[in-house]
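Text of the file data-v7.txt, holding compact mmCIF, C-alpha atoms and all ligand atoms:
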```txt
# COMPACT_ATOMS: atom_id res chain seq x y z
CA MET A 198 -326.39 58.70 -184.58
CA LYS A 199 -324.06 56.92 -182.14
CA PHE A 200 -321.03 59.08 -182.13
CA LEU A 201 -319.98 62.20 -183.83
CA HIS A 202 -316.26 61.73 -183.95
CA GLY A 203 -314.18 64.82 -184.08
CA VAL A 204 -312.84 63.87 -187.46
CA THR A 205 -309.28 64.91 -187.94
CA GLY A 206 -310.06 65.47 -191.56
CA SER A 207 -307.06 66.63 -193.50
CA VAL A 208 -304.57 65.10 -191.07
CA MET A 209 -303.12 62.63 -193.53
CA LYS A 210 -302.44 65.37 -196.05
CA ARG A 211 -300.57 67.62 -193.67
CA ARG A 212 -296.97 67.60 -192.49
CA HIS A 213 -296.10 66.08 -189.16
CA HIS A 214 -292.29 65.88 -189.19
CA ARG A 215 -291.08 65.89 -185.61
CA ARG A 216 -287.40 65.06 -186.05
CA ILE A 217 -284.32 65.77 -188.12
CA GLY A 218 -282.51 62.47 -188.49
CA ASN A 219 -282.43 61.09 -184.97
CA GLN A 220 -282.96 64.44 -183.31
CA PRO A 221 -286.45 65.12 -182.02
CA LEU A 222 -287.46 68.71 -182.61
CA ARG A 223 -288.33 70.77 -179.53
CA PRO A 224 -291.80 72.28 -179.16
CA GLU A 225 -290.60 75.83 -179.90
CA SER A 226 -289.09 74.62 -183.20
CA LEU A 227 -292.35 72.98 -184.22
CA MET A 228 -294.59 75.99 -183.62
CA MET A 229 -293.90 77.69 -186.95
CA SER A 230 -294.66 74.82 -189.32
CA TYR A 231 -295.92 71.67 -187.61
CA GLY A 232 -299.06 70.22 -189.16
CA TYR A 233 -299.09 72.62 -192.13
CA ASP A 234 -298.00 71.95 -195.72
CA PRO A 235 -297.44 75.19 -197.69
CA GLN A 236 -297.83 73.25 -200.96
CA LEU A 237 -301.52 72.77 -200.16
CA SER A 238 -301.96 76.55 -199.95
CA GLU A 239 -300.12 78.13 -202.93
CA GLY A 240 -296.83 78.01 -201.01
CA ALA A 241 -298.01 80.46 -198.36
CA ILE A 242 -295.56 80.34 -195.45
CA LYS A 243 -298.38 80.94 -192.96
CA SER A 244 -301.58 79.00 -192.95
CA PRO A 245 -304.34 81.01 -194.65
CA ILE A 246 -307.44 81.70 -192.57
CA PHE A 247 -310.02 79.25 -193.89
CA MET A 248 -313.07 81.45 -193.40
CA THR A 249 -315.54 78.92 -194.65
CA SER A 250 -318.52 77.18 -193.07
CA THR A 251 -318.61 74.14 -195.32
CA PHE A 252 -316.33 72.08 -197.57
CA VAL A 253 -317.02 70.75 -201.07
CA PHE A 254 -316.93 66.96 -201.52
CA LYS A 255 -315.35 65.72 -204.77
CA THR A 256 -318.02 63.04 -205.19
CA ALA A 257 -321.14 61.89 -203.39
CA GLY A 258 -319.29 58.68 -202.48
CA GLU A 259 -316.58 60.73 -200.76
CA GLY A 260 -319.19 62.64 -198.73
CA LYS A 261 -320.72 59.32 -197.69
CA ARG A 262 -317.32 57.98 -196.54
CA PHE A 263 -316.55 61.12 -194.49
CA PHE A 264 -319.92 60.94 -192.76
CA GLU A 265 -319.61 57.21 -192.02
CA VAL A 266 -316.54 57.92 -189.94
CA ALA A 267 -317.82 61.21 -188.51
CA TYR A 268 -320.99 59.55 -187.21
CA GLY A 269 -319.18 56.47 -185.92
CA LEU A 270 -320.88 54.06 -188.33
CA ARG A 271 -317.43 52.55 -188.90
CA GLU A 272 -313.82 53.07 -187.85
CA GLN A 273 -311.42 55.06 -189.98
CA ARG A 274 -309.35 52.56 -192.05
CA PRO A 275 -305.56 52.65 -191.69
CA ARG A 276 -304.16 55.30 -194.04
CA GLU A 277 -307.65 56.32 -195.14
CA GLU A 278 -307.65 59.99 -196.01
CA LEU A 279 -310.62 61.91 -194.66
CA GLY A 280 -311.61 65.34 -195.81
CA LEU A 281 -313.33 68.20 -194.09
CA ILE A 282 -317.09 68.41 -193.73
CA TYR A 283 -318.36 71.49 -191.89
CA SER A 284 -316.59 74.00 -189.63
CA ARG A 285 -318.52 73.03 -186.50
CA LEU A 286 -316.85 69.60 -186.81
CA ASN A 287 -313.46 70.58 -188.22
CA ASN A 288 -311.56 73.32 -190.00
CA PRO A 289 -307.92 73.42 -191.18
CA ASP A 290 -306.96 76.29 -188.84
CA THR A 291 -308.39 74.65 -185.72
CA GLU A 292 -306.87 71.29 -186.66
CA ILE A 293 -303.38 72.72 -187.15
CA LEU A 294 -303.72 74.71 -183.93
CA GLU A 295 -304.79 71.58 -182.02
CA ASP A 296 -301.83 69.58 -183.35
CA ARG A 297 -299.42 72.31 -182.24
CA LEU A 298 -300.98 72.89 -178.84
CA ALA A 299 -300.84 69.15 -178.07
CA VAL A 300 -297.04 69.20 -178.55
CA TRP A 301 -296.33 71.20 -175.36
CA ASP A 302 -298.26 68.93 -173.01
CA GLY A 303 -297.17 65.76 -174.81
CA ALA A 304 -300.87 65.06 -175.35
CA GLU A 305 -302.27 62.63 -177.88
CA ALA A 306 -305.23 64.86 -178.69
CA CYS A 307 -306.49 68.41 -178.28
CA ALA A 308 -309.80 70.17 -178.84
CA THR A 309 -310.03 73.95 -178.97
CA PHE A 310 -313.02 75.98 -177.81
CA ALA A 311 -314.62 79.41 -178.02
CA SER A 312 -313.44 80.22 -174.46
CA GLY A 313 -311.92 78.66 -171.35
CA MET A 314 -315.44 78.42 -169.93
CA ALA A 315 -316.69 76.69 -173.11
CA ALA A 316 -313.84 74.17 -172.67
CA THR A 317 -314.66 73.62 -168.98
CA ALA A 318 -318.44 73.41 -169.43
CA THR A 319 -318.20 71.05 -172.41
CA THR A 320 -315.78 68.80 -170.49
CA PHE A 321 -318.04 68.70 -167.42
CA LEU A 322 -321.13 67.92 -169.52
CA ALA A 323 -319.27 65.16 -171.35
CA LEU A 324 -317.89 63.49 -168.20
CA LEU A 325 -320.71 63.93 -165.66
CA ARG A 326 -324.14 62.33 -165.18
CA PRO A 327 -327.01 63.15 -162.79
CA GLY A 328 -326.21 61.89 -159.30
CA ASP A 329 -322.46 62.50 -159.70
CA VAL A 330 -320.30 64.44 -157.26
CA VAL A 331 -317.45 66.71 -158.40
CA LEU A 332 -314.68 67.13 -155.86
CA HIS A 333 -312.85 70.37 -156.58
CA SER A 334 -310.07 72.51 -155.19
CA VAL A 335 -310.93 75.90 -153.64
CA PRO A 336 -310.60 78.62 -154.81
CA VAL A 337 -311.41 78.03 -158.46
CA TYR A 338 -311.92 80.56 -161.23
CA GLY A 339 -315.18 82.53 -160.72
CA GLY A 340 -316.88 81.17 -163.86
CA THR A 341 -315.99 77.60 -162.90
CA ASP A 342 -317.30 78.25 -159.39
CA TYR A 343 -320.62 79.49 -160.82
CA LEU A 344 -320.86 76.46 -163.10
CA LEU A 345 -320.18 74.06 -160.21
CA ASP A 346 -322.33 75.76 -157.59
CA ARG A 347 -325.23 77.22 -159.54
CA ILE A 348 -325.61 75.49 -162.89
CA LEU A 349 -324.63 71.84 -162.39
CA PRO A 350 -326.98 71.31 -159.38
CA ALA A 351 -329.93 71.79 -161.78
CA TRP A 352 -328.55 68.78 -163.69
CA GLY A 353 -328.31 66.68 -160.53
CA VAL A 354 -324.57 67.15 -160.07
CA ARG A 355 -323.24 68.16 -156.66
CA ALA A 356 -319.96 70.04 -156.13
CA VAL A 357 -317.85 69.57 -153.00
CA GLY A 358 -314.79 71.74 -152.43
CA PHE A 359 -311.54 71.31 -150.51
CA LEU A 360 -309.13 74.11 -149.70
CA ALA A 361 -306.03 73.99 -151.92
CA LYS A 362 -303.91 75.21 -149.02
CA ASP A 363 -304.93 72.20 -146.88
CA GLY A 364 -303.08 69.90 -149.28
CA VAL A 365 -303.71 66.16 -149.53
CA ALA A 366 -305.25 66.14 -146.02
CA GLY A 367 -307.95 68.54 -147.26
CA MET A 368 -308.80 66.22 -150.15
CA GLN A 369 -308.99 63.20 -147.81
CA ARG A 370 -311.16 65.10 -145.32
CA ALA A 371 -313.68 66.00 -148.04
CA ILE A 372 -313.95 62.29 -148.95
CA THR A 373 -314.43 61.31 -145.29
CA GLU A 374 -317.14 63.95 -144.88
CA LEU A 375 -318.91 62.65 -147.99
CA GLY A 376 -319.25 59.24 -146.27
CA ASP A 377 -321.38 56.94 -148.40
CA ASP A 378 -321.70 59.55 -151.13
CA ALA A 379 -317.98 59.18 -151.90
CA ARG A 380 -318.98 56.41 -154.30
CA HIS A 381 -320.67 59.07 -156.46
CA VAL A 382 -317.48 61.06 -157.01
CA ALA A 383 -316.96 60.98 -160.79
CA LEU A 384 -314.52 63.86 -161.27
CA ILE A 385 -311.79 65.59 -159.30
CA HIS A 386 -311.34 69.07 -160.73
CA VAL A 387 -308.13 70.81 -159.72
CA GLU A 388 -306.98 74.36 -160.36
CA THR A 389 -303.31 74.70 -159.53
CA PRO A 390 -301.74 77.09 -158.72
CA ALA A 391 -304.93 78.52 -157.25
CA ASN A 392 -306.04 81.96 -158.34
CA PRO A 393 -305.11 84.37 -156.76
CA THR A 394 -303.27 82.81 -153.81
CA ASN A 395 -300.83 80.59 -155.77
CA ASP A 396 -301.62 77.66 -153.44
CA LEU A 397 -300.60 74.40 -155.12
CA VAL A 398 -302.62 71.21 -155.38
CA ASP A 399 -300.68 67.95 -155.69
CA ILE A 400 -301.87 66.53 -159.05
CA ALA A 401 -300.28 63.10 -158.47
CA ALA A 402 -302.10 62.85 -155.12
CA ALA A 403 -305.41 63.73 -156.82
CA ALA A 404 -304.74 61.05 -159.45
CA LYS A 405 -303.94 58.50 -156.69
CA LEU A 406 -307.17 59.38 -154.89
CA ALA A 407 -309.10 58.97 -158.16
CA ARG A 408 -307.60 55.50 -158.64
CA GLU A 409 -308.43 54.53 -155.04
CA LEU A 410 -312.03 55.74 -155.34
CA THR A 411 -312.40 53.88 -158.65
CA ALA A 412 -311.14 50.66 -157.06
CA THR A 413 -313.04 50.98 -153.74
CA HIS A 414 -316.34 51.65 -155.45
CA ALA A 415 -315.72 49.30 -158.39
CA ARG A 416 -316.36 52.08 -160.90
CA THR A 417 -315.11 50.04 -163.85
CA ASP A 418 -317.60 51.52 -166.32
CA ARG A 419 -316.88 55.15 -165.43
CA PRO A 420 -313.55 55.54 -163.58
CA VAL A 421 -313.06 58.69 -161.50
CA ARG A 422 -311.33 61.26 -163.72
CA VAL A 423 -308.93 64.06 -162.85
CA ALA A 424 -309.20 67.36 -164.72
CA VAL A 425 -306.61 70.10 -164.19
CA ASP A 426 -307.16 73.74 -165.10
CA ASN A 427 -303.57 74.53 -166.10
CA THR A 428 -304.17 78.13 -167.17
CA PHE A 429 -301.77 79.70 -164.64
CA LEU A 430 -298.53 77.79 -165.38
CA GLY A 431 -299.11 75.90 -168.55
CA PRO A 432 -298.18 74.66 -170.91
CA LEU A 433 -294.56 75.69 -170.32
CA TRP A 434 -294.17 75.35 -166.57
CA GLN A 435 -296.54 72.54 -165.61
CA GLN A 436 -297.63 69.47 -167.55
CA PRO A 437 -300.45 67.76 -165.62
CA LEU A 438 -300.79 64.71 -167.91
CA ALA A 439 -297.28 63.63 -166.84
CA HIS A 440 -298.47 63.68 -163.21
CA GLY A 441 -301.52 61.50 -163.80
CA ALA A 442 -304.25 63.95 -164.87
CA ASP A 443 -306.76 62.66 -167.42
CA VAL A 444 -307.58 66.00 -169.02
CA VAL A 445 -305.92 69.40 -169.07
CA ILE A 446 -308.09 72.47 -169.50
CA TYR A 447 -306.90 75.91 -170.59
CA SER A 448 -308.25 79.35 -170.89
CA ALA A 449 -306.23 80.06 -174.05
CA THR A 450 -307.28 83.68 -173.52
CA LYS A 451 -304.40 83.95 -171.04
CA PHE A 452 -300.78 82.85 -171.69
CA ILE A 453 -301.48 80.81 -174.83
CA GLY A 454 -303.17 83.77 -176.57
CA GLY A 455 -300.88 86.11 -174.69
CA HIS A 456 -301.77 89.42 -176.39
CA SER A 457 -305.08 90.20 -174.64
CA ASP A 458 -306.85 90.15 -178.00
CA VAL A 459 -308.63 86.80 -178.12
CA ILE A 460 -311.00 84.64 -176.03
CA ALA A 461 -310.46 80.90 -176.45
CA GLY A 462 -310.04 77.60 -174.62
CA ALA A 463 -308.57 74.14 -175.04
CA VAL A 464 -308.80 70.62 -173.61
CA LEU A 465 -306.04 68.02 -173.96
CA GLY A 466 -305.68 64.33 -173.15
CA SER A 467 -305.67 60.89 -174.74
CA LYS A 468 -307.68 60.28 -177.92
CA ALA A 469 -310.13 58.15 -175.94
CA MET A 470 -310.62 60.86 -173.27
CA LEU A 471 -311.15 63.52 -175.92
CA GLU A 472 -313.68 61.59 -177.97
CA PRO A 473 -316.80 62.27 -175.88
CA ILE A 474 -315.62 65.83 -175.28
CA ARG A 475 -315.28 66.41 -179.05
CA THR A 476 -318.72 64.90 -179.63
CA HIS A 477 -320.23 67.28 -177.07
CA ARG A 478 -318.36 70.17 -178.66
CA THR A 479 -319.78 69.32 -182.08
CA ILE A 480 -323.34 69.13 -180.75
CA LEU A 481 -323.14 72.08 -178.34
CA GLY A 482 -321.27 74.16 -180.91
CA THR A 483 -318.64 75.37 -178.43
CA MET A 484 -315.71 75.22 -180.87
CA CYS A 485 -313.57 78.23 -181.76
CA GLY A 486 -313.61 79.75 -185.23
CA PRO A 487 -310.82 79.89 -187.82
CA TRP A 488 -309.88 83.52 -187.08
CA THR A 489 -309.39 82.72 -183.38
CA ALA A 490 -307.40 79.61 -184.32
CA TRP A 491 -305.18 81.66 -186.63
CA LEU A 492 -304.51 84.24 -183.90
CA LEU A 493 -303.59 81.46 -181.48
CA MET A 494 -301.16 79.95 -184.02
CA ARG A 495 -299.53 83.37 -184.29
CA SER A 496 -299.32 83.37 -180.46
CA LEU A 497 -297.84 79.88 -180.18
CA GLU A 498 -294.81 80.95 -182.21
CA THR A 499 -293.71 83.21 -179.34
CA LEU A 500 -295.20 81.25 -176.42
CA LYS A 501 -291.86 80.18 -174.99
CA LEU A 502 -290.27 83.63 -175.51
CA ARG A 503 -293.17 85.39 -173.82
CA MET A 504 -293.60 83.00 -170.92
CA THR A 505 -289.85 82.85 -170.27
CA SER A 506 -289.50 86.62 -170.31
CA ALA A 507 -292.52 87.15 -168.03
CA MET A 508 -291.29 84.44 -165.65
CA LYS A 509 -287.83 86.04 -165.35
CA ASN A 510 -289.33 89.50 -164.87
CA ALA A 511 -291.67 88.23 -162.15
CA ARG A 512 -288.73 87.14 -160.01
CA TYR A 513 -287.31 90.69 -159.95
CA VAL A 514 -290.74 92.11 -159.21
CA ALA A 515 -291.47 89.59 -156.44
CA ASP A 516 -288.06 90.25 -154.83
CA PHE A 517 -288.73 93.99 -154.93
CA LEU A 518 -292.18 93.57 -153.37
CA ALA A 519 -290.90 91.23 -150.64
CA ASP A 520 -288.35 93.88 -149.58
CA HIS A 521 -290.79 96.79 -149.62
CA PRO A 522 -291.78 98.09 -146.17
CA LYS A 523 -295.43 98.70 -147.19
CA VAL A 524 -295.86 95.13 -148.48
CA THR A 525 -296.76 92.67 -145.72
CA ARG A 526 -296.91 89.47 -147.71
CA VAL A 527 -296.01 88.16 -151.18
CA HIS A 528 -297.57 85.00 -152.64
CA TYR A 529 -295.09 83.89 -155.28
CA LEU A 530 -294.07 80.32 -156.09
CA GLY A 531 -290.42 81.31 -156.43
CA HIS A 532 -290.36 82.34 -152.76
CA LEU A 533 -291.56 79.01 -151.30
CA GLN A 534 -289.25 77.97 -148.47
CA PRO A 535 -288.03 74.36 -148.05
CA ASP A 536 -289.90 74.01 -144.71
CA ASP A 537 -293.21 74.77 -146.48
CA PRO A 538 -295.04 71.53 -147.49
CA GLN A 539 -295.92 73.27 -150.79
CA HIS A 540 -292.21 73.49 -151.63
CA GLU A 541 -291.96 69.75 -152.28
CA VAL A 542 -295.07 69.85 -154.51
CA PHE A 543 -293.56 72.77 -156.42
CA GLN A 544 -290.25 70.95 -156.92
CA ARG A 545 -291.98 67.82 -158.19
CA GLN A 546 -294.75 69.37 -160.25
CA CYS A 547 -293.67 72.74 -161.63
CA ARG A 548 -290.78 73.64 -163.91
CA ALA A 549 -290.72 77.35 -163.00
CA PRO A 550 -292.62 79.75 -160.75
CA GLY A 551 -294.48 81.47 -163.60
CA SER A 552 -295.38 85.13 -163.59
CA MET A 553 -298.41 85.48 -161.30
CA ILE A 554 -297.90 87.27 -157.99
CA ALA A 555 -300.35 88.23 -155.27
CA PHE A 556 -299.21 90.67 -152.61
CA GLU A 557 -300.75 92.26 -149.56
CA VAL A 558 -300.18 95.87 -148.59
CA ALA A 559 -300.23 97.25 -145.03
CA GLY A 560 -303.87 98.21 -144.40
CA GLY A 561 -306.96 97.04 -146.27
CA GLU A 562 -309.11 97.75 -149.29
CA ALA A 563 -308.55 101.54 -149.20
CA GLU A 564 -304.77 101.14 -149.26
CA ALA A 565 -304.90 98.49 -152.00
CA PHE A 566 -307.14 100.79 -154.08
CA ARG A 567 -304.72 103.71 -153.62
CA VAL A 568 -301.90 101.58 -155.04
CA LEU A 569 -304.04 100.36 -157.96
CA ASP A 570 -305.26 103.88 -158.78
CA ALA A 571 -301.71 105.25 -158.76
CA LEU A 572 -300.30 102.78 -161.30
CA GLN A 573 -299.14 104.46 -164.51
CA MET A 574 -297.80 101.71 -166.77
CA VAL A 575 -299.27 98.56 -165.22
CA LYS A 576 -302.92 98.42 -166.32
CA LEU A 577 -305.80 98.03 -163.85
CA ALA A 578 -307.69 95.12 -165.44
CA VAL A 579 -308.72 91.54 -164.83
CA SER A 580 -307.34 88.71 -166.99
CA LEU A 581 -303.70 87.67 -167.03
CA GLY A 582 -300.91 86.15 -169.07
CA GLY A 583 -300.72 88.95 -171.63
CA THR A 584 -297.64 90.81 -172.83
CA GLU A 585 -298.59 93.78 -170.64
CA SER A 586 -298.59 93.71 -166.82
CA LEU A 587 -302.06 93.75 -165.27
CA ALA A 588 -303.13 94.38 -161.67
CA GLU A 589 -306.50 93.86 -160.02
CA HIS A 590 -308.20 93.53 -156.61
CA PRO A 591 -309.46 89.93 -156.16
CA ALA A 592 -311.76 90.62 -153.16
CA THR A 593 -313.90 93.18 -155.03
CA MET A 594 -313.30 92.11 -158.63
CA THR A 595 -312.51 88.56 -159.81
CA HIS A 596 -313.60 86.90 -156.55
CA SER A 597 -316.30 89.36 -155.45
CA ASP A 598 -319.17 86.87 -155.66
CA ILE A 599 -317.55 84.74 -152.95
CA ALA A 600 -318.93 85.60 -149.48
CA VAL A 601 -316.37 87.50 -147.40
CA PRO A 602 -315.95 84.75 -144.72
CA HIS A 603 -315.20 82.26 -147.51
CA GLN A 604 -312.80 84.71 -149.15
CA LEU A 605 -310.94 85.01 -145.85
CA ALA A 606 -310.84 81.21 -145.40
CA MET A 607 -309.22 80.97 -148.85
CA GLY A 608 -306.70 83.68 -147.98
CA ILE A 609 -308.26 86.40 -150.15
CA VAL A 610 -307.90 89.44 -147.91
CA PRO A 611 -308.98 93.06 -148.65
CA ALA A 612 -305.32 94.19 -148.79
CA MET A 613 -304.46 91.75 -151.60
CA ILE A 614 -303.51 92.83 -155.12
CA ARG A 615 -303.04 90.30 -157.91
CA LEU A 616 -300.36 91.07 -160.44
CA SER A 617 -299.78 89.38 -163.80
CA VAL A 618 -296.24 90.35 -164.76
CA GLY A 619 -295.78 91.04 -168.48
CA ILE A 620 -292.78 91.34 -170.76
CA GLU A 621 -291.97 95.02 -170.14
CA HIS A 622 -288.49 95.79 -168.78
CA PRO A 623 -288.67 94.66 -165.14
CA GLU A 624 -287.03 97.89 -163.92
CA ASP A 625 -289.93 99.83 -165.44
CA THR A 626 -292.52 97.58 -163.81
CA ILE A 627 -290.71 97.99 -160.49
CA ALA A 628 -290.50 101.78 -160.91
CA ASP A 629 -294.25 101.90 -161.46
CA LEU A 630 -294.98 99.73 -158.43
CA ARG A 631 -292.54 101.77 -156.30
CA GLN A 632 -294.22 105.08 -157.10
CA ALA A 633 -297.69 103.54 -156.58
CA LEU A 634 -296.68 102.16 -153.18
CA ASP A 635 -295.23 105.56 -152.26
CA ALA A 636 -298.63 107.10 -153.07
CA MET A 637 -300.40 104.71 -150.68
C1 LIG A 701 -309.78 83.09 -167.36
C2 LIG A 701 -309.82 81.75 -166.74
C3 LIG A 701 -310.82 80.83 -167.07
C4 LIG A 701 -311.95 81.16 -168.04
O1 LIG A 701 -311.46 81.35 -169.32
P1 LIG A 701 -312.21 82.29 -170.42
O2 LIG A 701 -311.31 82.15 -171.59
O3 LIG A 701 -312.30 83.65 -169.86
O4 LIG A 701 -313.56 81.68 -170.63
C5 LIG A 701 -310.78 79.58 -166.48
N1 LIG A 701 -309.81 79.27 -165.58
C6 LIG A 701 -308.85 80.13 -165.23
C7 LIG A 701 -307.81 79.71 -164.25
C8 LIG A 701 -308.82 81.39 -165.79
O5 LIG A 701 -307.86 82.26 -165.43
```
Represent the structure contained in this file as structure tokens.
Ligand SMILES: *Cc1c(COP(=O)(O)O)cnc(C)c1O
Amino acid sequence: MKFLHGVTGSVMKRRHHRRIGNQPLRPESLMMSYGYDPQLSEGAIKSPIFMTSTFVFKTAGEGKRFFEVAYGLREQRPREELGLIYSRLNNPDTEILEDRLAVWDGAEACATFASGMAATATTFLALLRPGDVVLHSVPVYGGTDYLLDRILPAWGVRAVGFLAKDGVAGMQRAITELGDDARHVALIHVETPANPTNDLVDIAAAAKLARELTATHARTDRPVRVAVDNTFLGPLWQQPLAHGADVVIYSATKFIGGHSDVIAGAVLGSKAMLEPIRTHRTILGTMCGPWTAWLLMRSLETLKLRMTSAMKNARYVADFLADHPKVTRVHYLGHLQPDDPQHEVFQRQCRAPGSMIAFEVAGGEAEAFRVLDALQMVKLAVSLGGTESLAEHPATMTHSDIAVPHQLAMGIVPAMIRLSVGIEHPEDTIADLRQALDAM
């Protein structure tokens, strides 16, 4: 078995109209029907949930043909129709979801996963080999940090971090400090904006560094790749592929799912980039199931509405917090000043400031806890990007396994609260925060 292609089985049979006459349809217009033909499913306006593990071949010859392509024994012929085989390889719901998700990032291909961590781990395993070095921004999501620092070393992969807030200079310094080992860098993994500080990493600069390292160390067989965890702003407000990233990774649990009722992940990029990642997904079994895919299709129909509403609400909330006497600092992309070097990165790389805010109250952990405990409408919970506003305490919750000196170096202070602004009326969110701050 050479390859197990992620066969896009029923693709030829489905509908992929992307324009009316000369007018290309916008992503939000495509979310309700793209990639789905009601005539294949009794006219049902919504895709049924194909709760099935396996698919019946019409003839033995057909089964043979499907497997030839799935196992890479030969290329798919132009206009050859391929059917479905088994739901670990492909399923109508996941295929339609992948076609729709790819639209937002302008990606050629997409693979969906059982979680954001399944997407990240499968991508790392597909792209890395023993002896490789991963250069990554700091801070990164706790699960990613654990994977990089505690799991990958057992596979001979070393992780080296650079502080997001140090910008391009931080990236360069990490390379200088690596010295001779810089030739082993195989992947630059970037999380931007960083959680919870909203520090930005310049994706184009990371892509330039990857090209330079590839050229300097003549890595023609395995060029240095750039992966971007775009969970915080994407896919509406930041599109990393357009800035030179090779793969985009999502926790679809967050904005894409958006209703705090599903765990899922996704990876996007060119067909060639996705091929080894799909093969690993098939063998590791890290795909998502049809029910999850169906829920995410439901979510994609309102993705723009939800993200736009939350983004607008966050501006009111951030302005309120910035003016409040008990709030000492607000980390919000919409408040970046032109003299801040991050401002230029924001202007070039992001389409909007999103809806994640971190703020610091006067005092420390005790004061932050008093505010969190006094909230009435905003829920005290980790996760983000849902319809409801969520608040949490990074230092003792999401980022608690990071040693305190490291937390402080990253800007995660005991007085910090992270807020994911939802789609409630912003005046209600502000009223809740006001009374909680009064209780501090
Ligand atoms: C939540 C999250 C993840 C992990 O995703 P899961 O769906 O929980 O596995 C990865 N990266 C970021 C930035 C996240 O917020």
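Of the listed residues (A:His213, A:Lys362, A:Arg615, A:Lys451), A:Lys451 comes nearest to ligand LIG 701 (chain A); the distances count all atoms listed in the file.
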Using all atoms listed in the file, find each protein or nucleic acid residue lying at most 8 Å from ligand LIG 701 (chain A); present the set as a PDB file with C-alpha atoms, in the frame of the given file.
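The resulting file, result_16.pdb, is reproduced below:
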```pdb
ATOM      1  CA  ALA A 311    -314.620  79.410-178.020  1.00  0.00           C
ATOM      2  CA  SER A 312    -313.440  80.220-174.460  1.00  0.00           C
ATOM      3  CA  GLY A 313    -311.920  78.660-171.350  1.00  0.00           C
ATOM      4  CA  MET A 314    -315.440  78.420-169.930  1.00  0.00           C
ATOM      5  CA  ALA A 315    -316.690  76.690-173.110  1.00  0.00           C
ATOM      6  CA  ALA A 316    -313.840  74.170-172.670  1.00  0.00           C
ATOM      7  CA  THR A 317    -314.660  73.620-168.980  1.00  0.00           C
ATOM      8  CA  VAL A 337    -311.410  78.030-158.460  1.00  0.00           C
ATOM      9  CA  TYR A 338    -311.920  80.560-161.230  1.00  0.00           C
ATOM     10  CA  GLY A 339    -315.180  82.530-160.720  1.00  0.00           C
ATOM     11  CA  GLY A 340    -316.880  81.170-163.860  1.00  0.00           C
ATOM     12  CA  THR A 341    -315.990  77.600-162.900  1.00  0.00           C
ATOM     13  CA  GLU A 388    -306.980  74.360-160.360  1.00  0.00           C
ATOM     14  CA  ALA A 391    -304.930  78.520-157.250  1.00  0.00           C
ATOM     15  CA  ASN A 392    -306.040  81.960-158.340  1.00  0.00           C
ATOM     16  CA  ASP A 426    -307.160  73.740-165.100  1.00  0.00           C
ATOM     17  CA  ASN A 427    -303.570  74.530-166.100  1.00  0.00           C
ATOM     18  CA  THR A 428    -304.170  78.130-167.170  1.00  0.00           C
ATOM     19  CA  PHE A 429    -301.770  79.700-164.640  1.00  0.00           C
ATOM     20  CA  TYR A 447    -306.900  75.910-170.590  1.00  0.00           C
ATOM     21  CA  SER A 448    -308.250  79.350-170.890  1.00  0.00           C
ATOM     22  CA  ALA A 449    -306.230  80.060-174.050  1.00  0.00           C
ATOM     23  CA  THR A 450    -307.280  83.680-173.520  1.00  0.00           C
ATOM     24  CA  LYS A 451    -304.400  83.950-171.040  1.00  0.00           C
ATOM     25  CA  ILE A 460    -311.000  84.640-176.030  1.00  0.00           C
ATOM     26  CA  ALA A 461    -310.460  80.900-176.450  1.00  0.00           C
ATOM     27  CA  GLY A 462    -310.040  77.600-174.620  1.00  0.00           C
ATOM     28  CA  SER A 580    -307.340  88.710-166.990  1.00  0.00           C
ATOM     29  CA  LEU A 581    -303.700  87.670-167.030  1.00  0.00           C
TER      30      LEU A 581
END
```
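Interatomic distance, CA of Ala588 (chain A) against CA of Val618 (chain A): 8.6 Å.
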**Message:** as a VMD selection string, please: the residues near Asp625 (chain A) (cut-off 10 Å, all atoms listed in the file, same-chain neighbours under 3 positions excluded).
**Reply:** chain A and resid 514 574 to 575 621 to 622 628 to 631
**Non-local contacts of Ile400 (chain A) (8 Å; all atoms listed in the file; under 4 positions in same chain excluded) as number ranges by chain** = A: 387, 404, 425, 437, 440-442, 546
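The interatomic distance for the pair CA of Met229 (chain A) and CA of Phe263 (chain A) works out to 29.1 Å.
With all atoms listed in the file as the basis for measurement, A:Ile293 is the residue among A:Ile293, A:Leu222, A:Leu587, A:Met504 that approaches Ala490 (chain A) most closely.
CA of Leu533 (chain A) is positioned 12.3 Å from CA of Ala519 (chain A).
Proximity ranking of A:Thr291, A:Thr413, A:Ser506, A:Asn219 relative to Met248 (chain A) places A:Thr291 first, based on only C-alpha atoms.
The residue that comes closest to Leu384 (chain A), out of A:Leu344, A:Leu569, A:Ala323, A:Ala439 and on the basis of all atoms listed in the file, is A:Ala323.
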**Request:** Extract, using only C-alpha atoms, all DNA, RNA and protein residues at most 9 Å from region 463-474 of chain A, discarding same-chain residues fewer than 4 positions from it, and format them as a PyMOL selection string.
**Result:** chain A and resi 200-203+295+298-299+302-313+315-317+319-324+438+442-449+478-479
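Distances from A:Ser226, A:Gln632, A:Gln220, A:Thr373 to Val568 (chain A) were compared using only C-alpha atoms, and the smallest one belongs to A:Gln632.
Each of A:Arg223, A:Arg271, A:Lys509, A:Arg475 was compared to Glu624 (chain A) using all atoms listed in the file, and A:Lys509 turns out to be the nearest.
Counting all atoms listed in the file, Ala402 (chain A) has the following residues at most 12 Å away, ignoring those fewer than 5 positions along the same chain: Gly364, Val365, Ala366, Gly367, Met368, Gln369, Ile385, Val387, Leu397, Ala407, Arg408, Glu409, Val423, Pro437, His440, Gly441, Ala442, Val542, Arg545 and Gln546 of chain A.
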